[in-house]
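Structure first, commentary second.
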Amino acid sequence: MKNGVRKIIFWAKCRSDRSPKIRVLDIACGTGRTLKFIRATLPKACLYGIDLSPNYLKKANKLLSEELGELSQLLQGNAENLPFRENYFQGTTCVFTFHELPPMVRQKVL
Ligand SMILES: C[S@@+](CC[C@H](N)C(=O)[O-])C[C@H]1O[C@@H](n2cnc3c(N)ncnc32)[C@H](O)[C@@H]1O
């Protein structure tokens with residue numbers, strides 16, 4: 001796992017000790033790998049994943065259904081236009097994705 005993700009998980013874990021229902025979004029969640037790591041660290045958090053690809057989301061659903069705890073909510077959608085209100089999440093992750101985005105799209109997602 002990359003250091004940035006570790007830092008976010010550590011920070012979110014500190015918060016979750018005080019408030020069990022923190023919300024974390026994994027942007028471009030792909031097959032759910034990162035959500036699986038986050039679930040292992042934050043068993044009480046509400047986890048969300050969004051990705052463009054319905055096929056990856058199917059795989060994510062399968063992988064995450066095998067995990068204990070609350071299911072992650074998976075949505076098909078575009079990271080350029082997230083369907084959530086401002087400040088809805090206490091943490092977000094986005095792993096192995098920015099390098100694949102064209103510069104203009106990358107800026108918008110950021
Ligand atoms: C290299 S994969 C990384 C997946 C996952 N984050 C991981 O680390 O395993 C890149 C992902 O970005 C998704 N993606 C690309 N452009 C996107 C966009 N505009 N909005 C949402 N997802 C996007 C792809 O469908 C793919 O699942």
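Every chain in the structure tokens takes a letter, A first, then B, and so on in the order presented; its residues are numbered from 1, and the ligands are numbered from 1 following the presented order.
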Each residue of chain A lying at most 6 Å from ligand 1 should get a row with its shortest atom-to-atom pair and the distance in Å to one decimal, counting only C-alpha atoms and all ligand atoms; could you produce that, ordered by chain and increasing number, as a tab-separated table?
residue	atom	partner	partner_atom_place_in_ligand_line	distance
A:Ala28	CA	ligand 1	22 (N)	3.8
A:Cys29	CA	ligand 1	6 (N)	4.3
A:Gly30	CA	ligand 1	27 (O)	3.4
A:Thr31	CA	ligand 1	9 (O)	6.0
A:Arg33	CA	ligand 1	9 (O)	5.3
A:Asp51	CA	ligand 1	22 (N)	3.8
A:Leu52	CA	ligand 1	22 (N)	4.2
A:Ser53	CA	ligand 1	25 (O)	4.5
A:Gly77	CA	ligand 1	21 (C)	5.9
A:Asn78	CA	ligand 1	20 (N)	3.7
A:Ala79	CA	ligand 1	20 (N)	3.7
A:Glu80	CA	ligand 1	19 (N)	5.6
A:Cys94	CA	ligand 1	6 (N)	5.9
A:Val95	CA	ligand 1	6 (N)	4.3
A:Phe96	CA	ligand 1	3 (C)	4.8
A:Thr97	CA	ligand 1	10 (C)	4.5
Residues from last step as file, C-alpha atoms, as a PDB file, in the first residue's frame:
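Final output, result17.pdb:
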ATOM      1  CA  ALA A  28     -12.214   5.064  -9.323  1.00  0.00           C
ATOM      2  CA  CYS A  29     -12.432   2.060  -7.011  1.00  0.00           C
ATOM      3  CA  GLY A  30     -11.918  -0.490  -9.811  1.00  0.00           C
ATOM      4  CA  THR A  31     -12.219  -4.023  -8.461  1.00  0.00           C
ATOM      5  CA  ARG A  33      -8.899  -3.584  -3.743  1.00  0.00           C
ATOM      6  CA  ASP A  51     -16.066   3.883 -10.893  1.00  0.00           C
ATOM      7  CA  LEU A  52     -16.903   4.357 -14.571  1.00  0.00           C
ATOM      8  CA  SER A  53     -16.746   0.654 -15.347  1.00  0.00           C
ATOM      9  CA  GLY A  77     -20.336   7.268 -12.087  1.00  0.00           C
ATOM     10  CA  ASN A  78     -17.805   9.730 -13.358  1.00  0.00           C
ATOM     11  CA  ALA A  79     -15.191  11.153 -10.999  1.00  0.00           C
ATOM     12  CA  GLU A  80     -15.462  14.416 -12.942  1.00  0.00           C
ATOM     13  CA  CYS A  94      -7.940   7.652  -5.409  1.00  0.00           C
ATOM     14  CA  VAL A  95      -5.334   5.042  -6.235  1.00  0.00           C
ATOM     15  CA  PHE A  96      -3.521   4.334  -9.536  1.00  0.00           C
ATOM     16  CA  THR A  97      -5.892   6.543 -11.509  1.00  0.00           C
TER      17      THR A  97
END
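Backbone DSSP over stretch 41-79 of chain A yields strand (DSSP E or B) at Cys46, Leu47, Tyr48, Gly49, Ile50, Asp51, Gln73, Leu74, Leu75 and Gln76 of chain A.
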Completion exercise
The residue from A:Leu64, A:Leu57, A:Ile22, A:Leu71 with the smallest atom-to-atom distance to A:Phe37, counting only C-alpha atoms, is A:Leu64
Practice task
Quick one: everything within 10 Å of A:Leu68, counting only C-alpha atoms, minus sequence neighbours fewer than 4 positions away in the same chain. Send it as a list in words.
Solution key: Arg39, Ala40, Pro43 and Leu64 of chain A
Now that the selection is made, can you save its residues with N, CA, C and O atoms as an mmCIF file, in the first residue's frame?
data_model
loop_
_atom_site.group_PDB
_atom_site.id
_atom_site.type_symbol
_atom_site.label_atom_id
_atom_site.label_comp_id
_atom_site.auth_asym_id
_atom_site.auth_seq_id
_atom_site.Cartn_x
_atom_site.Cartn_y
_atom_site.Cartn_z
ATOM 1 N N ARG A 39 -11.598 -1.253 4.646
ATOM 2 C CA ARG A 39 -12.549 -1.975 5.517
ATOM 3 C C ARG A 39 -11.806 -2.693 6.643
ATOM 4 O O ARG A 39 -12.250 -2.705 7.791
ATOM 5 N N ALA A 40 -10.652 -3.286 6.307
ATOM 6 C CA ALA A 40 -9.879 -4.016 7.324
ATOM 7 C C ALA A 40 -9.415 -3.070 8.431
ATOM 8 O O ALA A 40 -9.287 -3.454 9.596
ATOM 9 N N PRO A 43 -13.406 -0.874 10.416
ATOM 10 C CA PRO A 43 -14.552 -1.778 10.316
ATOM 11 C C PRO A 43 -15.904 -1.091 10.487
ATOM 12 O O PRO A 43 -16.910 -1.606 10.010
ATOM 13 N N LEU A 64 -15.976 -7.616 -2.260
ATOM 14 C CA LEU A 64 -16.329 -6.980 -0.989
ATOM 15 C C LEU A 64 -17.454 -7.724 -0.272
ATOM 16 O O LEU A 64 -17.587 -7.622 0.945
#
Handout entry: Distance in Å - atom CA of A:His99 versus atom CA of A:Gly49
Key =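 Atom CA of A:Gly49 lies 19.0 Å from atom CA of A:His99.
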I need the residues in stretch 19-72 of chain A that are helix (DSSP H, G or I) according to DSSP; give them as a CSV table (one decimal) with N, CA, C and O atoms, in the first residue's frame.
chain,number,residue,atom,x,y,z
A,33,ARG,N,-10.1,-3.3,-4.5
A,33,ARG,CA,-8.9,-3.6,-3.7
A,33,ARG,C,-8.7,-2.6,-2.6
A,33,ARG,O,-8.5,-3.0,-1.4
A,34,THR,N,-8.8,-1.3,-2.9
A,34,THR,CA,-8.5,-0.3,-1.8
A,34,THR,C,-9.6,-0.3,-0.8
A,34,THR,O,-9.3,-0.2,0.4
A,35,LEU,N,-10.8,-0.5,-1.2
A,35,LEU,CA,-11.9,-0.5,-0.2
A,35,LEU,C,-11.7,-1.7,0.7
A,35,LEU,O,-12.1,-1.6,1.9
A,36,LYS,N,-11.2,-2.8,0.2
A,36,LYS,CA,-10.9,-4.0,1.1
A,36,LYS,C,-9.9,-3.6,2.2
A,36,LYS,O,-10.1,-4.0,3.3
A,37,PHE,N,-8.8,-2.9,1.8
A,37,PHE,CA,-7.8,-2.5,2.7
A,37,PHE,C,-8.5,-1.6,3.8
A,37,PHE,O,-8.2,-1.7,5.0
A,38,ILE,N,-9.3,-0.6,3.3
A,38,ILE,CA,-9.8,0.4,4.2
A,38,ILE,C,-10.8,-0.3,5.2
A,38,ILE,O,-10.8,0.0,6.4
A,39,ARG,N,-11.6,-1.3,4.6
A,39,ARG,CA,-12.5,-2.0,5.5
A,39,ARG,C,-11.8,-2.7,6.6
A,39,ARG,O,-12.3,-2.7,7.8
A,40,ALA,N,-10.7,-3.3,6.3
A,40,ALA,CA,-9.9,-4.0,7.3
A,40,ALA,C,-9.4,-3.1,8.4
A,40,ALA,O,-9.3,-3.5,9.6
A,41,THR,N,-9.2,-1.8,8.1
A,41,THR,CA,-8.7,-0.8,9.1
A,41,THR,C,-9.8,-0.1,9.7
A,41,THR,O,-9.6,0.3,10.9
A,54,PRO,N,-18.8,-0.6,-15.2
A,54,PRO,CA,-19.7,-1.6,-14.5
A,54,PRO,C,-19.1,-2.9,-14.3
A,54,PRO,O,-19.4,-3.6,-13.4
A,55,ASN,N,-18.2,-3.3,-15.2
A,55,ASN,CA,-17.6,-4.7,-15.1
A,55,ASN,C,-16.6,-4.7,-13.9
A,55,ASN,O,-16.6,-5.7,-13.1
A,56,TYR,N,-15.9,-3.6,-13.7
A,56,TYR,CA,-15.0,-3.6,-12.5
A,56,TYR,C,-15.9,-3.5,-11.2
A,56,TYR,O,-15.6,-4.2,-10.2
A,57,LEU,N,-17.0,-2.8,-11.3
A,57,LEU,CA,-17.9,-2.7,-10.1
A,57,LEU,C,-18.5,-4.1,-9.8
A,57,LEU,O,-18.6,-4.4,-8.6
A,58,LYS,N,-18.8,-4.9,-10.8
A,58,LYS,CA,-19.3,-6.3,-10.5
A,58,LYS,C,-18.2,-7.1,-9.7
A,58,LYS,O,-18.5,-7.8,-8.8
A,59,LYS,N,-17.0,-6.9,-10.2
A,59,LYS,CA,-15.9,-7.6,-9.5
A,59,LYS,C,-15.7,-7.1,-8.1
A,59,LYS,O,-15.5,-7.9,-7.1
A,60,ALA,N,-15.8,-5.8,-7.9
A,60,ALA,CA,-15.7,-5.2,-6.6
A,60,ALA,C,-16.8,-5.7,-5.7
A,60,ALA,O,-16.6,-6.1,-4.5
A,61,ASN,N,-18.0,-5.8,-6.2
A,61,ASN,CA,-19.1,-6.3,-5.4
A,61,ASN,C,-18.8,-7.7,-4.9
A,61,ASN,O,-19.1,-8.0,-3.8
A,62,LYS,N,-18.3,-8.5,-5.8
A,62,LYS,CA,-18.0,-9.9,-5.5
A,62,LYS,C,-16.9,-10.0,-4.4
A,62,LYS,O,-17.1,-10.6,-3.3
A,63,LEU,N,-15.9,-9.2,-4.6
A,63,LEU,CA,-14.8,-9.2,-3.6
A,63,LEU,C,-15.2,-8.7,-2.3
A,63,LEU,O,-14.9,-9.3,-1.2
A,64,LEU,N,-16.0,-7.6,-2.3
A,64,LEU,CA,-16.3,-7.0,-1.0
A,64,LEU,C,-17.5,-7.7,-0.3
A,64,LEU,O,-17.6,-7.6,0.9
A,65,SER,N,-18.2,-8.5,-1.0
A,65,SER,CA,-19.3,-9.3,-0.4
A,65,SER,C,-18.7,-10.4,0.5
A,65,SER,O,-19.4,-10.9,1.3
Problem - Residue with smallest distance to A:Gln76 - pool A:Thr93, A:Tyr48, A:Leu42, A:Pro103, counting only C-alpha atoms - result: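 Between A:Thr93, A:Tyr48, A:Leu42, A:Pro103, the residue approaching A:Gln76 most closely is A:Tyr48.
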Handout entry: Counting only C-alpha atoms, the residue of A:Met104, A:Val109, A:Ser72, A:Leu25 that sits nearest A:Phe89
Key =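 Nearest candidate to A:Phe89 out of A:Met104, A:Val109, A:Ser72, A:Leu25: A:Leu25.
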Fill in the blank from the handout: A straight line from atom CA of A:Asp26 to atom CA of A:Leu74 spans 9.5 Å
